[in-house]
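Engineer: Can you read through this structure? Questions will come right after.
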Amino acid sequence: MTLSDLPIVAPSYEQDLVTAAQAGDRRAFGDLVRLHRKGVVNVVYRMCGDAVLAEDAAQECFIRAWTHLRQYRSDSESEHGFRNWLYRIATNCALNLLRHDRSRPVAAVDVGELPLAHPQQGPEGRVEDDERATAVQQAVLALPEAGRVVLILREYEGLSYKEIAQALNIPMGTVMSRLNYARRRLRERLATIMEATDDAS
């Protein structure tokens, strides 16, 4: 899911929900959860490739968000300030769960959601697409955590550098350097995987 897949919600309506939820309105917070749950799950899923862990992290994210909602301050410069705040909590929850559950096997990511697959006609083309998508999955999951989350927020979720900086609470220069590093590592790993696949065929 990218920004174009997000539900179209007027920023003023979302801010009204946030204000009501901060005053203790659980129904308003429930509406916020419904608006952002898919995006939160998506981010975590792409970080870990595990649907169960993604659901667990999303649930923990919204519990923390409710607990700390009064600390959230609307950013007048960002149309997606609340979403960015949620993504910061979600990535922290995901990283905590990953660090405490290293034994959990990584599930297969839905290859239909992954980019870089070049559509071709016929069964051979589909096999090549599946192999390419699996290679991308493996390469993304092998990235260091800091670079992986920046890459996912930028390439999959379509956040700007500024929005990523806000979501992760890091300087924009750090976002750019981590993204450049992640892209370089991704290209190198994909090249290695593809070479191994070519040698085996």
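Each chain of the structure tokens is named A, B, ... in the order shown, its residues numbered from 1; ligands are numbered from 1 in display order.
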Could you name the residues that touch stretch 148-162 of chain A at 8 Å or less, counting only C-alpha atoms, but leaving out those on the same chain fewer than 5 positions away, as a VMD selection string?

Structural biologist: chain A and resid 1 to 3 43 46 to 47 91 140 to 141 143 172 175 to 176 178 to 179 182 to 183

Engineer: Quick one: pull the distance between atom CA of A:Ala191 and atom CA of A:Glu145, Å, one decimal.

Structural biologist: 20.5 Å

Engineer: Kindly indicate which residue among A:Gly81, A:Gln138, A:Phe29, A:Asn42 lies nearest to A:Phe62, using only C-alpha atoms for the distances.

Structural biologist: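 Checking each of A:Gly81, A:Gln138, A:Phe29, A:Asn42 against A:Phe62, counting only C-alpha atoms, the winner is A:Phe29.
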
Engineer: Rank nothing, just name the residue among A:Tyr13, A:Ala51, A:Ala21, A:Arg34 nearest to A:Arg70, using only C-alpha atoms.

Structural biologist: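 Nearest candidate to A:Arg70 out of A:Tyr13, A:Ala51, A:Ala21, A:Arg34: A:Ala21.
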
Engineer: Which polymer residues have any atom within 9 Å of an atom of A:Arg185, counting only C-alpha atoms, with same-chain residues fewer than 4 positions away left out, as a list in words?

Structural biologist: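 Non-adjacent residues within range: Ala139, Leu143, Asn180, Tyr181, Arg189 and Leu190 of chain A.
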
Engineer: Using C-alpha atoms, can you export the residues from the last selection as a PDB file, in the first residue's frame?

Structural biologist:
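Output (out-v7.pdb):
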```pdb
ATOM      1  CA  ALA A 139      17.363  -8.721   0.135  1.00  0.00           C
ATOM      2  CA  LEU A 143      19.108  -5.116   5.408  1.00  0.00           C
ATOM      3  CA  ASN A 180      21.506   5.664   0.198  1.00  0.00           C
ATOM      4  CA  TYR A 181      23.214   2.946   2.233  1.00  0.00           C
ATOM      5  CA  ARG A 189      22.654  -8.260  -2.458  1.00  0.00           C
ATOM      6  CA  LEU A 190      20.281  -8.550  -5.405  1.00  0.00           C
TER       7      LEU A 190
END
```

Engineer: For A:Arg99, work out the shell of residues within 12 Å, counting only C-alpha atoms and skipping chain neighbours fewer than 6 positions away, then give it as an MDAnalysis selection string.

Structural biologist: chainID A and resid 48 53 92:93 145
